[in-house]
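What follows is the content of final_21.txt, which has compact mmCIF, C-alpha atoms and all ligand atoms:
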# COMPACT_ATOMS: atom_id res chain seq x y z
CA MET C 1 0.00 0.00 0.00
CA ILE C 2 2.85 2.38 0.86
CA THR C 3 6.22 1.87 -0.83
CA LEU C 4 9.21 4.13 -0.35
CA SER C 5 12.14 3.40 -2.67
CA ASN C 6 15.53 4.96 -2.13
CA VAL C 7 13.96 7.91 -0.30
CA SER C 8 16.37 10.43 1.23
CA LYS C 9 15.94 13.90 2.68
CA THR C 10 18.58 16.56 3.27
CA TYR C 11 17.56 19.85 4.85
CA GLY C 12 19.56 22.93 3.86
CA GLN C 13 22.70 23.08 1.77
CA GLY C 14 26.47 23.21 2.03
CA HIS C 15 27.85 23.51 5.57
CA ALA C 16 24.34 23.82 7.00
CA ALA C 17 23.07 20.63 5.32
CA VAL C 18 21.41 18.05 7.62
CA GLU C 19 20.99 14.57 6.16
CA ALA C 20 17.78 13.66 8.04
CA LEU C 21 17.08 10.54 5.95
CA LYS C 22 19.70 8.44 4.19
CA PRO C 23 18.42 6.54 1.13
CA LEU C 24 15.97 3.95 2.49
CA ASP C 25 13.32 1.52 1.32
CA LEU C 26 10.13 0.83 3.26
CA HIS C 27 7.06 -1.18 2.40
CA VAL C 28 3.81 -1.10 4.36
CA PRO C 29 1.49 -3.90 3.20
CA GLU C 30 -2.22 -3.15 2.72
CA GLY C 31 -4.28 -3.45 5.91
CA THR C 32 -1.34 -3.47 8.32
CA ILE C 33 -0.48 -1.18 11.19
CA TYR C 34 3.21 -0.36 10.76
CA GLY C 35 5.12 1.42 13.51
CA VAL C 36 8.36 3.31 13.00
CA ILE C 37 10.28 3.75 16.22
CA GLY C 38 13.51 5.58 16.94
CA LEU C 39 15.25 8.00 19.27
CA SER C 40 14.69 11.75 19.14
CA GLY C 41 16.22 13.21 15.97
CA ALA C 42 16.44 9.83 14.21
CA GLY C 43 14.31 11.07 11.31
CA LYS C 44 10.84 9.67 12.15
CA SER C 45 8.88 12.88 11.52
CA THR C 46 10.79 13.53 8.33
CA LEU C 47 9.98 10.02 7.13
CA ILE C 48 6.24 10.22 7.78
CA ARG C 49 5.98 13.76 6.38
CA CYS C 50 7.64 12.55 3.17
CA VAL C 51 4.86 9.99 2.65
CA ASN C 52 2.26 12.67 1.84
CA LEU C 53 4.88 15.11 0.56
CA LEU C 54 4.50 17.57 3.44
CA GLU C 55 8.27 17.29 2.97
CA ARG C 56 9.57 16.74 -0.57
CA PRO C 57 12.20 14.00 -0.45
CA THR C 58 15.60 14.90 -1.87
CA SER C 59 15.65 11.64 -3.82
CA GLY C 60 13.60 8.51 -4.33
CA SER C 61 10.02 7.59 -5.11
CA ILE C 62 6.89 7.25 -2.96
CA SER C 63 3.96 5.16 -4.03
CA VAL C 64 0.66 5.10 -2.12
CA ASP C 65 -2.13 2.78 -3.28
CA GLY C 66 -0.30 2.23 -6.55
CA GLN C 67 0.14 5.92 -7.35
CA GLU C 68 3.56 7.55 -7.61
CA LEU C 69 3.40 10.83 -5.68
CA THR C 70 6.74 12.54 -6.28
CA THR C 71 5.85 13.38 -9.88
CA LEU C 72 2.58 15.08 -8.85
CA SER C 73 1.96 18.72 -8.04
CA GLY C 74 -0.94 21.17 -7.73
CA ASP C 75 -4.45 19.69 -8.06
CA ALA C 76 -3.25 16.17 -8.80
CA LEU C 77 -1.24 16.11 -5.56
CA ASN C 78 -4.20 17.52 -3.58
CA GLN C 79 -6.43 14.78 -4.99
CA ALA C 80 -3.89 12.11 -4.04
CA ARG C 81 -3.62 13.57 -0.52
CA HIS C 82 -7.36 13.03 0.01
CA ARG C 83 -6.57 9.34 0.12
CA ILE C 84 -3.95 9.89 2.84
CA GLY C 85 -5.31 11.00 6.23
CA MET C 86 -2.99 12.35 8.90
CA ILE C 87 -3.16 13.01 12.63
CA PHE C 88 -0.64 14.87 14.77
CA GLN C 89 0.68 14.96 18.33
CA HIS C 90 -1.01 18.31 19.04
CA PHE C 91 -4.23 17.54 17.11
CA ASN C 92 -4.08 20.70 14.89
CA LEU C 93 -7.80 21.51 15.24
CA LEU C 94 -9.23 24.91 14.31
CA ALA C 95 -10.20 26.61 17.60
CA SER C 96 -12.87 28.78 15.98
CA ARG C 97 -14.75 25.83 14.51
CA THR C 98 -17.05 23.39 16.30
CA VAL C 99 -16.30 19.67 16.38
CA PHE C 100 -18.72 19.17 13.48
CA ALA C 101 -17.15 21.99 11.46
CA ASN C 102 -13.63 20.68 12.08
CA VAL C 103 -14.59 17.24 10.77
CA SER C 104 -16.47 18.69 7.79
CA LEU C 105 -13.60 20.99 6.75
CA PRO C 106 -11.87 18.57 4.34
CA LEU C 107 -15.22 17.82 2.71
CA GLU C 108 -15.92 21.54 2.27
CA LEU C 109 -12.52 21.95 0.64
CA MET C 110 -13.34 19.06 -1.70
CA GLY C 111 -16.58 20.83 -2.70
CA VAL C 112 -18.90 18.18 -1.26
CA PRO C 113 -22.52 19.51 -1.08
CA ARG C 114 -23.82 20.53 2.39
CA ALA C 115 -26.47 17.81 2.64
CA GLU C 116 -23.91 15.11 1.84
CA ILE C 117 -21.48 16.60 4.36
CA ARG C 118 -24.12 16.23 7.10
CA GLN C 119 -24.71 12.63 6.09
CA ARG C 120 -21.01 11.79 6.12
CA VAL C 121 -19.96 13.59 9.32
CA ALA C 122 -22.60 12.10 11.63
CA PRO C 123 -21.38 8.46 11.29
CA LEU C 124 -17.78 9.62 11.71
CA LEU C 125 -18.61 11.32 15.00
CA GLU C 126 -20.39 8.16 16.06
CA LEU C 127 -17.38 6.04 15.10
CA VAL C 128 -15.10 8.12 17.34
CA GLY C 129 -17.70 8.32 20.13
CA LEU C 130 -18.34 12.08 19.97
CA SER C 131 -21.89 12.37 18.59
CA ASP C 132 -22.89 14.38 21.67
CA LYS C 133 -20.04 16.89 21.22
CA ALA C 134 -20.82 17.99 17.64
CA ASN C 135 -21.55 21.60 18.64
CA GLN C 136 -18.74 22.06 21.13
CA TYR C 137 -15.46 23.84 20.47
CA PRO C 138 -11.96 22.28 20.83
CA ALA C 139 -11.29 24.31 24.00
CA GLN C 140 -14.17 22.47 25.67
CA LEU C 141 -12.64 19.04 24.96
CA SER C 142 -10.04 16.85 26.68
CA GLY C 143 -6.85 15.86 24.84
CA GLY C 144 -8.24 12.42 24.02
CA GLN C 145 -11.47 13.92 22.68
CA LYS C 146 -9.48 16.38 20.54
CA GLN C 147 -7.52 13.48 19.04
CA ARG C 148 -10.82 11.70 18.33
CA VAL C 149 -12.01 14.78 16.41
CA ALA C 150 -8.72 14.78 14.49
CA ILE C 151 -9.20 11.08 13.64
CA ALA C 152 -12.76 11.72 12.42
CA ARG C 153 -11.48 14.65 10.32
CA ALA C 154 -8.70 12.50 8.87
CA LEU C 155 -11.22 9.83 7.89
CA ALA C 156 -13.71 12.28 6.31
CA SER C 157 -12.21 12.01 2.82
CA LYS C 158 -12.36 8.18 2.99
CA PRO C 159 -8.57 7.71 2.88
CA LYS C 160 -6.86 4.39 2.18
CA VAL C 161 -4.00 5.26 4.50
CA LEU C 162 -3.76 6.99 7.86
CA LEU C 163 -0.47 8.58 8.96
CA CYS C 164 -0.08 9.11 12.71
CA ASP C 165 2.70 11.47 13.83
CA GLU C 166 3.27 10.74 17.56
CA ALA C 167 -0.53 10.71 17.93
CA THR C 168 -0.56 9.64 21.57
CA SER C 169 2.60 11.35 22.87
CA ALA C 170 0.66 14.24 24.43
CA LEU C 171 -1.85 11.96 26.17
CA ASP C 172 -1.89 10.21 29.56
CA PRO C 173 -1.53 6.40 29.58
CA GLN C 174 -5.25 5.68 29.97
CA THR C 175 -6.26 8.04 27.14
CA THR C 176 -3.42 6.66 25.04
CA GLY C 177 -4.95 3.20 25.51
CA SER C 178 -8.37 4.35 24.31
CA ILE C 179 -6.95 6.14 21.24
CA LEU C 180 -4.85 3.07 20.35
CA ALA C 181 -7.97 0.89 20.70
CA LEU C 182 -9.81 3.26 18.35
CA LEU C 183 -7.00 3.10 15.77
CA GLN C 184 -7.05 -0.70 16.00
CA GLU C 185 -10.83 -0.75 15.50
CA ILE C 186 -10.55 1.54 12.46
CA ASN C 187 -7.83 -0.68 11.02
CA ARG C 188 -10.01 -3.76 11.45
CA SER C 189 -13.41 -2.38 10.49
CA LEU C 190 -12.35 -0.12 7.59
CA GLY C 191 -9.29 -2.12 6.50
CA LEU C 192 -7.33 1.12 6.73
CA THR C 193 -3.54 0.86 6.41
CA ILE C 194 -1.87 2.78 9.25
CA LEU C 195 1.70 4.09 9.34
CA LEU C 196 2.62 5.58 12.68
CA ILE C 197 5.74 7.00 14.20
CA THR C 198 6.39 6.85 17.90
CA HIS C 199 9.15 6.79 20.48
CA GLU C 200 6.99 4.63 22.77
CA MET C 201 7.47 0.86 22.64
CA GLU C 202 4.09 0.46 24.34
CA VAL C 203 2.39 1.79 21.18
CA VAL C 204 4.25 -0.73 19.02
CA LYS C 205 3.50 -3.55 21.43
CA ARG C 206 -0.21 -2.72 21.68
CA ILE C 207 -1.30 -2.28 18.07
CA CYS C 208 1.42 -2.68 15.45
CA HIS C 209 1.83 -5.70 13.19
CA ARG C 210 5.25 -4.70 11.87
CA VAL C 211 7.91 -2.36 13.19
CA GLY C 212 10.81 -0.49 11.64
CA LEU C 213 13.64 0.89 13.75
CA ILE C 214 15.21 4.08 12.49
CA SER C 215 18.59 5.42 13.62
CA ALA C 216 20.46 8.46 12.28
CA GLY C 217 18.27 8.52 9.18
CA SER C 218 18.62 4.82 8.32
CA LEU C 219 16.18 1.97 8.71
CA VAL C 220 18.39 -0.37 10.73
CA GLU C 221 15.94 -3.14 11.58
CA GLU C 222 12.53 -4.28 10.37
CA ALA C 223 10.43 -7.18 11.62
CA GLU C 224 7.10 -8.60 12.72
CA VAL C 225 6.38 -7.14 16.16
CA GLY C 226 6.56 -10.55 17.90
CA ASP C 227 9.98 -11.21 16.35
CA PHE C 228 11.29 -7.76 17.24
CA PHE C 229 10.37 -8.09 20.91
CA THR C 230 11.67 -11.63 21.27
CA ALA C 231 14.80 -11.44 19.09
CA PRO C 232 15.89 -7.92 18.12
CA ARG C 233 18.77 -8.08 15.66
CA THR C 234 20.57 -4.82 16.42
CA GLN C 235 22.17 -3.40 19.54
CA LEU C 236 19.78 -0.43 19.38
CA GLY C 237 16.83 -2.82 19.12
CA ARG C 238 18.03 -4.65 22.23
CA GLU C 239 18.43 -1.35 24.08
CA PHE C 240 14.83 -0.36 23.24
CA ILE C 241 13.55 -3.73 24.47
CA THR C 242 15.64 -3.64 27.66
CA GLU C 243 14.53 -0.10 28.44
CA PHE C 244 10.91 -1.04 27.79
CA LEU C 245 10.97 -4.21 29.84
CA LYS C 246 12.99 -2.53 32.59
CA LEU C 247 14.90 -5.63 33.58
CA GLU C 248 18.14 -4.32 35.01
CA PRO C 249 20.35 -5.96 37.63
CA PRO C 250 20.00 -4.56 41.17
CA ARG C 251 22.09 -1.39 41.63
CA ALA C 252 24.15 -2.91 44.45
CA LEU C 253 25.18 -5.67 42.07
CA VAL C 254 25.94 -3.27 39.18
CA GLU C 255 28.45 -1.50 41.44
CA ARG C 256 30.25 -4.82 41.98
CA LEU C 257 30.32 -5.85 38.30
CA ASP C 258 33.70 -6.08 36.55
CA ALA C 259 33.91 -6.14 32.78
CA ASP C 260 36.62 -8.82 32.85
CA PRO C 261 36.49 -12.22 34.54
CA GLY C 262 38.75 -12.74 37.58
CA ASP C 263 40.07 -15.87 39.31
CA HIS C 264 37.12 -16.13 41.68
CA SER C 265 34.38 -14.31 39.82
CA HIS C 266 31.20 -15.52 38.18
CA PRO C 267 29.35 -14.20 35.14
CA VAL C 268 26.09 -12.32 35.54
CA VAL C 269 23.94 -12.83 32.46
CA ARG C 270 20.72 -11.46 31.02
CA LEU C 271 18.74 -14.17 29.27
CA ALA C 272 15.89 -13.63 26.83
CA PHE C 273 13.88 -16.57 25.62
CA SER C 274 10.69 -17.16 23.71
CA GLY C 275 8.68 -19.91 22.06
CA ASP C 276 9.33 -23.44 23.37
CA ALA C 277 12.13 -22.23 25.65
CA VAL C 278 9.60 -20.46 27.91
CA SER C 279 7.96 -23.74 28.94
CA THR C 280 11.18 -25.80 29.11
CA PRO C 281 12.83 -26.22 32.55
CA LEU C 282 16.13 -24.99 31.12
CA ILE C 283 17.58 -23.63 34.34
CA SER C 284 17.31 -26.90 36.25
CA ARG C 285 18.71 -28.75 33.22
CA LEU C 286 21.52 -26.23 33.02
CA ALA C 287 22.41 -26.77 36.66
CA ARG C 288 22.29 -30.54 36.26
CA ASP C 289 24.01 -30.92 32.87
CA CYS C 290 26.71 -28.27 33.34
CA GLN C 291 27.13 -28.80 37.09
CA ILE C 292 26.85 -25.18 38.06
CA ASP C 293 24.59 -23.26 40.45
CA VAL C 294 22.23 -20.64 39.09
CA SER C 295 21.21 -17.74 41.27
CA ILE C 296 18.19 -15.97 39.72
CA LEU C 297 18.34 -12.25 40.51
CA GLN C 298 15.31 -11.07 38.50
CA ALA C 299 12.83 -12.64 36.11
CA LYS C 300 9.64 -11.77 34.26
CA VAL C 301 7.40 -13.09 31.52
CA GLU C 302 5.74 -10.70 29.04
CA SER C 303 2.97 -11.37 26.55
CA ILE C 304 3.62 -9.58 23.26
CA GLN C 305 0.47 -10.03 21.17
CA ASP C 306 0.42 -13.81 20.48
CA ARG C 307 3.96 -14.47 21.74
CA THR C 308 5.49 -15.02 25.14
CA LEU C 309 8.83 -13.56 26.09
CA GLY C 310 10.80 -14.62 29.15
CA LEU C 311 13.58 -12.54 30.65
CA MET C 312 15.94 -13.30 33.46
CA ILE C 313 19.03 -11.91 35.12
CA ALA C 314 21.05 -14.66 36.75
CA GLU C 315 24.47 -15.33 38.21
CA LEU C 316 26.13 -18.52 36.97
CA ILE C 317 28.19 -19.94 39.81
CA GLY C 318 30.92 -22.50 39.19
CA PRO C 319 34.44 -22.97 37.76
CA SER C 320 35.06 -20.78 34.69
CA ASP C 321 35.18 -23.72 32.25
CA LYS C 322 31.77 -24.85 33.54
CA THR C 323 30.17 -21.39 33.35
CA ARG C 324 31.51 -20.98 29.79
CA GLU C 325 30.02 -24.35 28.93
CA ALA C 326 26.72 -23.21 30.49
CA ILE C 327 26.60 -20.08 28.30
CA ASP C 328 27.23 -22.23 25.20
CA TYR C 329 24.48 -24.58 26.37
CA LEU C 330 22.00 -21.70 26.68
CA GLU C 331 22.93 -20.31 23.27
CA THR C 332 22.48 -23.69 21.59
CA HIS C 333 18.99 -23.76 23.11
CA ASP C 334 18.13 -20.50 21.30
CA LEU C 335 18.32 -18.22 24.31
CA HIS C 336 19.77 -14.79 23.78
CA VAL C 337 22.57 -14.48 26.30
CA GLU C 338 24.19 -11.18 27.24
CA VAL C 339 27.04 -11.24 29.75
CA LEU C 340 26.54 -8.12 31.87
CA GLY C 341 29.81 -8.53 33.75
CA HIS C 342 31.52 -10.61 36.41
CA VAL C 343 31.03 -10.50 40.12
CA GLN C 344 33.50 -11.55 42.81
CA ARG C 345 32.19 -14.25 45.10
CA ASP C 346 32.77 -13.53 48.83
CA ALA C 347 32.52 -17.09 50.02
N1 LIG U 1 13.03 21.79 8.81
C1 LIG U 1 14.23 21.34 9.18
N2 LIG U 1 15.36 22.00 8.86
C2 LIG U 1 16.58 21.55 9.20
N3 LIG U 1 16.79 20.40 9.90
C3 LIG U 1 15.70 19.69 10.25
C4 LIG U 1 14.37 20.12 9.93
N4 LIG U 1 13.50 19.21 10.41
C5 LIG U 1 14.24 18.26 11.02
N5 LIG U 1 15.56 18.55 10.92
C6 LIG U 1 16.67 17.73 11.44
O1 LIG U 1 16.58 16.44 10.84
C7 LIG U 1 16.88 15.42 11.79
C8 LIG U 1 15.70 14.47 11.93
O2 LIG U 1 14.62 15.18 12.51
P1 LIG U 1 13.18 14.54 12.71
O3 LIG U 1 12.30 15.60 13.30
O4 LIG U 1 12.73 13.90 11.46
O5 LIG U 1 13.50 13.41 13.80
P2 LIG U 1 12.52 12.65 14.81
O6 LIG U 1 13.01 11.26 14.87
O7 LIG U 1 11.11 12.86 14.37
O8 LIG U 1 12.78 13.40 16.17
P3 LIG U 1 11.77 13.74 17.37
O9 LIG U 1 11.30 12.41 17.91
O10 LIG U 1 12.62 14.51 18.33
O11 LIG U 1 10.65 14.55 16.77
C9 LIG U 1 17.26 16.13 13.07
O12 LIG U 1 18.65 16.27 13.10
C10 LIG U 1 16.60 17.49 12.93
O13 LIG U 1 17.30 18.47 13.65
Same coordinates, now as structure tokens:
Amino acid sequence: MITLSNVSKTYGQGHAAVEALKPLDLHVPEGTIYGVIGLSGAGKSTLIRCVNLLERPTSGSISVDGQELTTLSGDALNQARHRIGMIFQHFNLLASRTVFANVSLPLELMGVPRAEIRQRVAPLLELVGLSDKANQYPAQLSGGQKQRVAIARALASKPKVLLCDEATSALDPQTTGSILALLQEINRSLGLTILLITHEMEVVKRICHRVGLISAGSLVEEAEVGDFFTAPRTQLGREFITEFLKLEPPRALVERLDADPGDHSHPVVRLAFSGDAVSTPLISRLARDCQIDVSILQAKVESIQDRTLGLMIAELIGPSDKTREAIDYLETHDLHVEVLGHVQRDA
């Protein structure tokens, strides 16, 4: 539904040039919710604003619903944009217009007759749960209600694609949940393809089917959401997951960790496992087969859509050849093993 080929964007020229996007390819299949995640300044906003040409890419082509956009201008581009709805972090509603008039605005601009506008706006307000607020003004609404108005407005022109630019970043967690549920419902009931950008893993976990990770203007990782959470392929991906799952060793232990192994130290490892490994008694087997002791310092199990992810921080206690053997054993059983450091044993 959305295909970006070799798209790059450089702001400014010469010494002042900022390469916000390096040439990248991205494909969002029809009917999916695709999340692009990345740190501040990674290029997320630039990427999403290129899709409807709010920013003209410096190079590359952008196809939405089979139509190449970069060659369009004027009326033809406006027509194409009607099939691409967009919502923003700060809603961008017109304060002087009622809820009804905000939602009807795109239809007015398209020259839709008044009677038809009334017929089309009412079901949209119902869809977003704001039928009773039609005559109120944005200032009378909560943040979540404002975003609902923005969603109804974005859907007014019957788009095939909805772009969401940090749509829940200004909302509290509970309101975020209700807006995400609404986006999911729209995706399912209207078959709308959604491309969203976010810096919140929770958004990706809750509603996305696929995720792309962007870093310094490049798409560095791309996967099904279940795969990304259970087996991220890049260091940055692992950092996002670790930060999200908040499984860190206790601070008192961190202070005692050495990067290098010593004569009487033991490795402290972070283990991530999914699929069959979650239900296998690997730790007791590890202790038995490799003849080491395992001290579990922290553990948790997370459900990511239809997948289960287990995480554990543990100290492997035994002679160094045995603990090395234990790490190999875990890796051959498809666990992701990260050695966090080595801790000196007192006794
Ligand atoms: N209009 C502009 N002119 C010049 N540089 C820009 C412009 N817009 C963005 N940039 C730069 O391009 C890079 C990418 O910015 P962008 O806003 O796309 O990142 P982001 O991932 O959306 O960040 P954030 O999450 O903080 O909004 C940054 O270095 C930014 O300073």
Next on the checklist: What residues of the protein or nucleic acid chains come within 6 Å of ligand LIG 1 (chain U) when you use only C-alpha atoms and all ligand atoms? Reply as an MDAnalysis selection string.
Outcome noted: chainID C and resid 11 18 20 39:46
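Closest approach to Cys290 of chain C among C:Ser131, C:Asn78, C:Ser320, C:Thr198: C:Ser320, based on all atoms listed in the file.
Around Leu196 of chain C, within 9 Å and counting all atoms listed in the file, the residues found are Ile33, Tyr34, Gly35, Val36, Ile37, Ile48, Leu162, Leu163, Cys164, Asp165, Glu166, Ala167 and Cys208 of chain C, once anything fewer than 6 positions away on its own chain is removed.
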Checklist entry - What is the distance, in Å and to one decimal place, between atom CA of Ser274 of chain C and atom CA of Arg206 of chain C? => result 18.2 Å
Next on the checklist: Between atom CA of Phe229 of chain C and atom CA of Cys50 of chain C, what distance in Å does the model show, to one decimal?
Outcome noted: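 The value is 27.4 Å.
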Next on the checklist: Restricting the calculation to only C-alpha atoms: of C:Leu109, C:Val220, C:Ile194, C:Val99, which residue gets closest to Ala152 of chain C?
Outcome noted: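 When distances to Ala152 of chain C are compared using only C-alpha atoms, the smallest one comes from C:Val99.
Take atom CA of Pro249 of chain C and atom CA of Gln344 of chain C: the distance between them is 15.2 Å.
Nearest to Glu222 of chain C of all the residues C:Thr3, C:His209, C:Glu255, C:Val269 is C:His209, based on all atoms listed in the file.
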Checklist entry - Restricting the calculation to all atoms listed in the file, which member of C:Ile197, C:Leu335, C:Leu316, C:Leu130 is positioned closest to Leu213 of chain C? => result C:Ile197
Item to check | Neighbours of point (35.0, -11.0, 40.0) within 6 Å, using all atoms listed in the file, written as an NGL selection string | outcome: :C and (261-262 or 264-265 or 342-344)
Checklist entry - From the set C:Gly310, C:Pro159, C:Gly143, C:Gly237, which residue has the shortest atom-to-atom contact distance to Gly191 of chain C, counting all atoms listed in the file? => result C:Pro159
Item to check | Nearest residue to Tyr329 of chain C from the set C:Leu257, C:Asp289, C:Glu315, C:Arg307 (distances using all atoms listed in the file) | outcome: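 Selected residue with least distance to Tyr329 of chain C: C:Asp289.
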Leaving out Asp65 of chain C and any residue of its chain fewer than 5 positions from it, which residues lie within 12 Å of it when counting all atoms listed in the file, given as a PDB file with C-alpha atoms, in the frame of the given file?
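around.pdb, freshly written:
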ATOM      1  CA  MET C   1       0.000   0.000   0.000  1.00  0.00           C
ATOM      2  CA  ILE C   2       2.850   2.380   0.860  1.00  0.00           C
ATOM      3  CA  THR C   3       6.220   1.870  -0.830  1.00  0.00           C
ATOM      4  CA  LEU C   4       9.210   4.130  -0.350  1.00  0.00           C
ATOM      5  CA  HIS C  27       7.060  -1.180   2.400  1.00  0.00           C
ATOM      6  CA  VAL C  28       3.810  -1.100   4.360  1.00  0.00           C
ATOM      7  CA  PRO C  29       1.490  -3.900   3.200  1.00  0.00           C
ATOM      8  CA  GLU C  30      -2.220  -3.150   2.720  1.00  0.00           C
ATOM      9  CA  GLY C  31      -4.280  -3.450   5.910  1.00  0.00           C
ATOM     10  CA  VAL C  51       4.860   9.990   2.650  1.00  0.00           C
ATOM     11  CA  ASN C  52       2.260  12.670   1.840  1.00  0.00           C
ATOM     12  CA  ALA C  80      -3.890  12.110  -4.040  1.00  0.00           C
ATOM     13  CA  ARG C  81      -3.620  13.570  -0.520  1.00  0.00           C
ATOM     14  CA  HIS C  82      -7.360  13.030   0.010  1.00  0.00           C
ATOM     15  CA  ARG C  83      -6.570   9.340   0.120  1.00  0.00           C
ATOM     16  CA  ILE C  84      -3.950   9.890   2.840  1.00  0.00           C
ATOM     17  CA  PRO C 159      -8.570   7.710   2.880  1.00  0.00           C
ATOM     18  CA  LYS C 160      -6.860   4.390   2.180  1.00  0.00           C
ATOM     19  CA  VAL C 161      -4.000   5.260   4.500  1.00  0.00           C
ATOM     20  CA  LEU C 192      -7.330   1.120   6.730  1.00  0.00           C
ATOM     21  CA  THR C 193      -3.540   0.860   6.410  1.00  0.00           C
TER      22      THR C 193
END
Next on the checklist: Could you list, as number ranges by chain, every residue within 12 Å of segment 113-120 of chain C, counting all atoms listed in the file and ignoring same-chain residues fewer than 2 positions away?
Outcome noted: C: 100-111, 122-127, 134, 152-153, 155-158
Checklist entry - What's the 12 Å shell around Gln235 of chain C, counting all atoms listed in the file, without same-chain residues fewer than 5 positions away, as a list of chain:residue names? => result C:Leu213, C:Ser215, C:Val220, C:Glu221, C:Phe228, C:Phe240, C:Ile241, C:Thr242, C:Glu338
Within 9 Å of Ser96 of chain C, counting all atoms listed in the file, which residues show up once you throw out same-chain ones fewer than 3 positions away? Write them as a short mmCIF file (atom, residue, chain, number, x, y, z; two decimals) with C-alpha atoms, in the frame of the given file, please.
data_model
loop_
_atom_site.label_atom_id
_atom_site.label_comp_id
_atom_site.auth_asym_id
_atom_site.auth_seq_id
_atom_site.Cartn_x
_atom_site.Cartn_y
_atom_site.Cartn_z
CA LEU C 93 -7.80 21.51 15.24
CA TYR C 137 -15.46 23.84 20.47
CA PRO C 138 -11.96 22.28 20.83
#
